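S.K.: Please find one structure pasted underneath; my questions will follow.
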Amino acid sequence: MTAINTTHLLETKPVGKLLLQYSIPAIIGMTVTSLYNIIDSIFIGHGVGPMAISGLAITFPLMNLVIAFCTLLGIGGATITSIFLGQKDTAKATRVLGNVTVLCVVTGVCFGGLMHIFLEPILRFFGASDDTLPYAYEFMSVLLYGNPLSFTFLGLNHLMRASGYPKKAMWTSLLTVFVNVIIAPIFIFSLKWGIAGAAIATLIAQACGLVWILFHFFNTNSAVHFKRGIFRLDRRIISNILSIGMSPFLMNLCSCFVVVIINTSFQKYGGDYAIGAYGIVNRVVMLFVMIELGLTQGMQPIIGYNYGALRMDRVIRALRYAVTAGVSIMTFGFLMAEVFPGALVSLFTDHHELTDMAKVGMRIICILYPLVGAQIVITNFFQSIGKAKVSIFLALSRQLLFLIPGLFILPLYFGIDGVWASLPVADAISVFVTLGTLLYFYRRGLFSSKPAF
């Protein structure tokens, strides 16, 4: 099947089948990636020790910051690519590829270098103690050296999926996880490289994935591929990339600062082991969030293409299917967290205090996950149709308006349980605001207007 026919199916094939075709590979890719993070944490927990898990949790804000810049460029470029392909403008979609590639490399170099210079004070600010700092510093210093590789790998994988190749994007994730799971235990257990071995394994795996992606984009049969002249930066394209990508960027940026507040709150009310408990819970619950994000990644090219082609009936149908699937995914996560928290936590550690804290936290955090499934899909829907301001508002409101105040208020009355409870309280308010926003736009037909670019 040619590249043109592949993208044309986005406008003609039944929406339900398209959502399965695009979402299942993305879900598999995101699930496997999340499982890698879980397995990596298990290796660290059993191979290095419980304090290393706490050190790993300290790095979450900085890793969120890395993801923020990757999504700024990757998701922004992917959304615009889908819309341009829907408008049958392959030339503009190709120029987006060139601009995203250059931006990923340059941003990766600058970000990695700057963060490495100030790494120790940054980790201290994130909540590192004398006991956890060595582990956090060793892990992040290795990852920052490979930052340009990580940025380019993550950014271009989004574009591969958006340009009509969801299965290839899935195989990219599977390849990186396979390499990582094979070499990480060798580096950690056999070579005794500790937590640095986990970081080195991550970079090697991403390098393998990037090679696979580059082969795809150098292939002239791909719908969008490398050509001469596409690497010249275009102000209008960059502006559109940043505009659309700003929503996930700001969401991850806020996540960075929120996790800092969470870590410092746990440090105040529970110490290093409380931070480690949050690290374990975060790994587990993020598995279900990543599955949900895989669904939205599969939804994005379908909605973006049909929005560009002015097929609003298909846009709305895709949203309905995605919301139903999203609620189902997060309901399953809710059931697992509430019924089997002990079994999930025991995978990471057999430390009694750490296990007890994590079990309580998991049950509290996941209490409203079925409703969160709809909220995530709807927020990404506005991003997929280019409504950047709406998506940014929905993404930031949970973090800035609802979660941060809760993190300062609830622990004053409930201690460490108040830190855990601030998350579902923010979820409840955010779901209400998101559904109200969708209803407002739907009744006025405001998301059926022609794309602005």
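Identifiers in this document derive from the order of the structure tokens: chains are assigned A, B, ..., residues are numbered from 1 separately in each chain, and ligands are numbered from 1 in order of occurrence.
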Find the residues around Val285 of chain A up to 10 Å (only C-alpha atoms counted), leave out those fewer than 3 positions away in its own chain, and share them as a PyMOL selection string.
M.R.: chain A and resi 34+280-282+288-290+330+333-334+336-337+362+365-366+369
S.K.: Using C-alpha atoms, can you write the selected residues to a file as a PDB file, in the first residue's frame?
M.R.:
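Final output, saved to part.pdb:
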```pdb
ATOM      1  CA  SER A  34       5.956   1.865  30.936  1.00  0.00           C
ATOM      2  CA  ILE A 280       6.785   3.061  43.455  1.00  0.00           C
ATOM      3  CA  VAL A 281       3.167   4.219  43.251  1.00  0.00           C
ATOM      4  CA  ASN A 282       4.015   6.605  40.435  1.00  0.00           C
ATOM      5  CA  PHE A 288      -2.417   2.972  33.137  1.00  0.00           C
ATOM      6  CA  VAL A 289      -1.872   6.632  32.288  1.00  0.00           C
ATOM      7  CA  MET A 290       0.585   5.611  29.572  1.00  0.00           C
ATOM      8  CA  MET A 330      -8.702   3.744  33.764  1.00  0.00           C
ATOM      9  CA  GLY A 333      -6.419   0.580  36.644  1.00  0.00           C
ATOM     10  CA  PHE A 334      -8.703   1.606  39.506  1.00  0.00           C
ATOM     11  CA  MET A 336      -6.101  -3.255  40.133  1.00  0.00           C
ATOM     12  CA  ALA A 337      -4.936  -0.523  42.524  1.00  0.00           C
ATOM     13  CA  MET A 362      -1.898   3.684  45.731  1.00  0.00           C
ATOM     14  CA  ILE A 365      -4.432   8.157  44.376  1.00  0.00           C
ATOM     15  CA  CYS A 366      -6.490   5.882  42.118  1.00  0.00           C
ATOM     16  CA  TYR A 369      -9.342   6.996  37.945  1.00  0.00           C
TER      17      TYR A 369
END
```
S.K.: Give me, as number ranges by chain, all polymer residues having an atom no more than 12 Å from Ala325 of chain A, counting only C-alpha atoms and skipping those fewer than 6 positions away in the same chain.
M.R.: A: 16, 19-20, 23-24, 27, 291-296, 298-299, 318-319, 331-332, 370-374, 376-377
S.K.: Taking only C-alpha atoms into account, name the residue in A:Leu233, A:Ala201, A:Ile392, A:Met160 that is nearest to Val102 of chain A.
M.R.: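 Looking at the shortest contact to Val102 of chain A, the residue is A:Leu233.
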S.K.: If we count only C-alpha atoms and set the cut-off at 8 Å, which residues sit around segment 427-438 of chain A, ignoring sequence neighbours fewer than 6 positions away in its own chain? Please answer as number ranges by chain.
M.R.: A: 368, 371-372, 374-375, 378-379, 394, 397-398, 402
S.K.: Which residues are close to Ile262 of chain A, i.e. within 9 Å by only C-alpha atoms, leaving aside same-chain residues fewer than 5 positions away? Reply as a PDB file with N, CA and C atoms, in the first residue's frame.
M.R.:
```
ATOM      1  N   PHE A 257       7.247  20.759  38.537  1.00  0.00           N
ATOM      2  CA  PHE A 257       7.209  21.541  39.773  1.00  0.00           C
ATOM      3  C   PHE A 257       6.269  20.914  40.802  1.00  0.00           C
ATOM      4  N   GLN A 267       8.924  14.378  52.083  1.00  0.00           N
ATOM      5  CA  GLN A 267      10.129  14.463  52.905  1.00  0.00           C
ATOM      6  C   GLN A 267       9.795  15.046  54.278  1.00  0.00           C
ATOM      7  N   ILE A 275       9.143   9.304  50.056  1.00  0.00           N
ATOM      8  CA  ILE A 275       9.463   9.652  48.670  1.00  0.00           C
ATOM      9  C   ILE A 275       9.609   8.388  47.834  1.00  0.00           C
ATOM     10  N   TYR A 278       6.217   6.987  47.045  1.00  0.00           N
ATOM     11  CA  TYR A 278       5.605   7.719  45.928  1.00  0.00           C
ATOM     12  C   TYR A 278       6.231   7.297  44.604  1.00  0.00           C
ATOM     13  N   ILE A 404      -1.819  22.087  43.383  1.00  0.00           N
ATOM     14  CA  ILE A 404      -0.841  22.768  44.236  1.00  0.00           C
ATOM     15  C   ILE A 404      -1.467  23.314  45.520  1.00  0.00           C
ATOM     16  N   LEU A 407      -1.918  20.493  47.891  1.00  0.00           N
ATOM     17  CA  LEU A 407      -0.673  19.993  48.475  1.00  0.00           C
ATOM     18  C   LEU A 407      -0.213  20.830  49.665  1.00  0.00           C
ATOM     19  N   VAL A 419      -1.140  14.502  51.679  1.00  0.00           N
ATOM     20  CA  VAL A 419      -0.340  14.620  50.451  1.00  0.00           C
ATOM     21  C   VAL A 419      -0.902  13.689  49.386  1.00  0.00           C
ATOM     22  N   TRP A 420      -1.180  12.439  49.775  1.00  0.00           N
ATOM     23  CA  TRP A 420      -1.771  11.484  48.830  1.00  0.00           C
ATOM     24  C   TRP A 420      -3.134  11.980  48.346  1.00  0.00           C
TER      25      TRP A 420
END
```
S.K.: When DSSP is applied to the backbone of this structure, which of segment 171-394 of chain A are assigned helix (DSSP H, G or I)? Write them out as a PyMOL selection string.
M.R.: chain A and resi 171-190+194-218+235-269+272-308+312-339+341-346+352-365+369-384+388-394
S.K.: Here is a test: counting only C-alpha atoms, which residue of A:Gly276, A:Ile67, A:Thr172, A:Glu138 is nearest to Gly194 of chain A?
M.R.: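 Closest candidate: A:Glu138.
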S.K.: With only C-alpha atoms as the counted atoms, please give the residues lying no more than 12 Å from Met115 of chain A, apart from itself and same-chain residues fewer than 5 positions off, as a ChimeraX atom specification.
M.R.: /A:62-63,65-66,107-110,120-123,137,140-145,147
S.K.: For Met312 of chain A, which residue out of A:Leu73, A:Val179, A:Ile385, A:Leu35 is the nearest one, using only C-alpha atoms?
M.R.: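 Selected residue with least distance to Met312 of chain A: A:Ile385.
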S.K.: Would you compute the distance between atom CA of His158 of chain A and atom CA of Gly245 of chain A? Give it in Å to one decimal.
M.R.: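 Rounded to one decimal, the two atoms are 11.8 Å apart.
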S.K.: Applying 9 Å and only C-alpha atoms, which residues near segment 189-193 of chain A remain after dropping the ones on its own chain fewer than 4 positions away? List them as a list of chain:residue names.
M.R.: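 Selected residues are A:Phe43, A:Gly47, A:Val48, A:Ala184, A:Pro185, A:Gly197, A:Ala198.
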S.K.: Near Val260 of chain A, counting only C-alpha atoms, which residues have an atom at most 9 Å away, once you skip same-chain residues fewer than 2 positions from it, shown as a list in words?
M.R.: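 These residues fall inside the cut-off: Ile58, Phe60, Pro61, Phe125, Phe126, Gly127, Ser255, Cys256, Phe257, Val258, Ile262, Asn263, Thr264 and Ser265 of chain A.
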S.K.: Record the distance separating atom CA of Pro50 of chain A and atom CA of Val181 of chain A, expressed in Å with one decimal.
M.R.: 20.2 Å
S.K.: At what distance in Å, to one decimal, does atom CA of Met170 of chain A lie from atom CA of Pro25 of chain A?
M.R.: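 A separation of 5.0 Å between them.
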S.K.: From the list A:Ala395, A:Ala136, A:Ile416, A:Leu410, which residue is nearest Phe266 of chain A when using only C-alpha atoms?
M.R.: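 With only C-alpha atoms as the atom set, the closest residue is A:Ile416.
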S.K.: Calculated over only C-alpha atoms, which of the candidates A:Tyr36, A:Tyr442, A:Phe348, A:Phe408 has the smallest distance to Phe382 of chain A?
M.R.: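 For Phe382 of chain A, the nearest of the given residues is A:Tyr442.
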S.K.: Counting only C-alpha atoms, figure out which residue out of A:Ile302, A:Ala26, A:Ile200, A:Ala388 gets nearest to Phe249 of chain A.
M.R.: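 Of A:Ile302, A:Ala26, A:Ile200, A:Ala388, the one nearest Phe249 of chain A, counting only C-alpha atoms, is A:Ala388.
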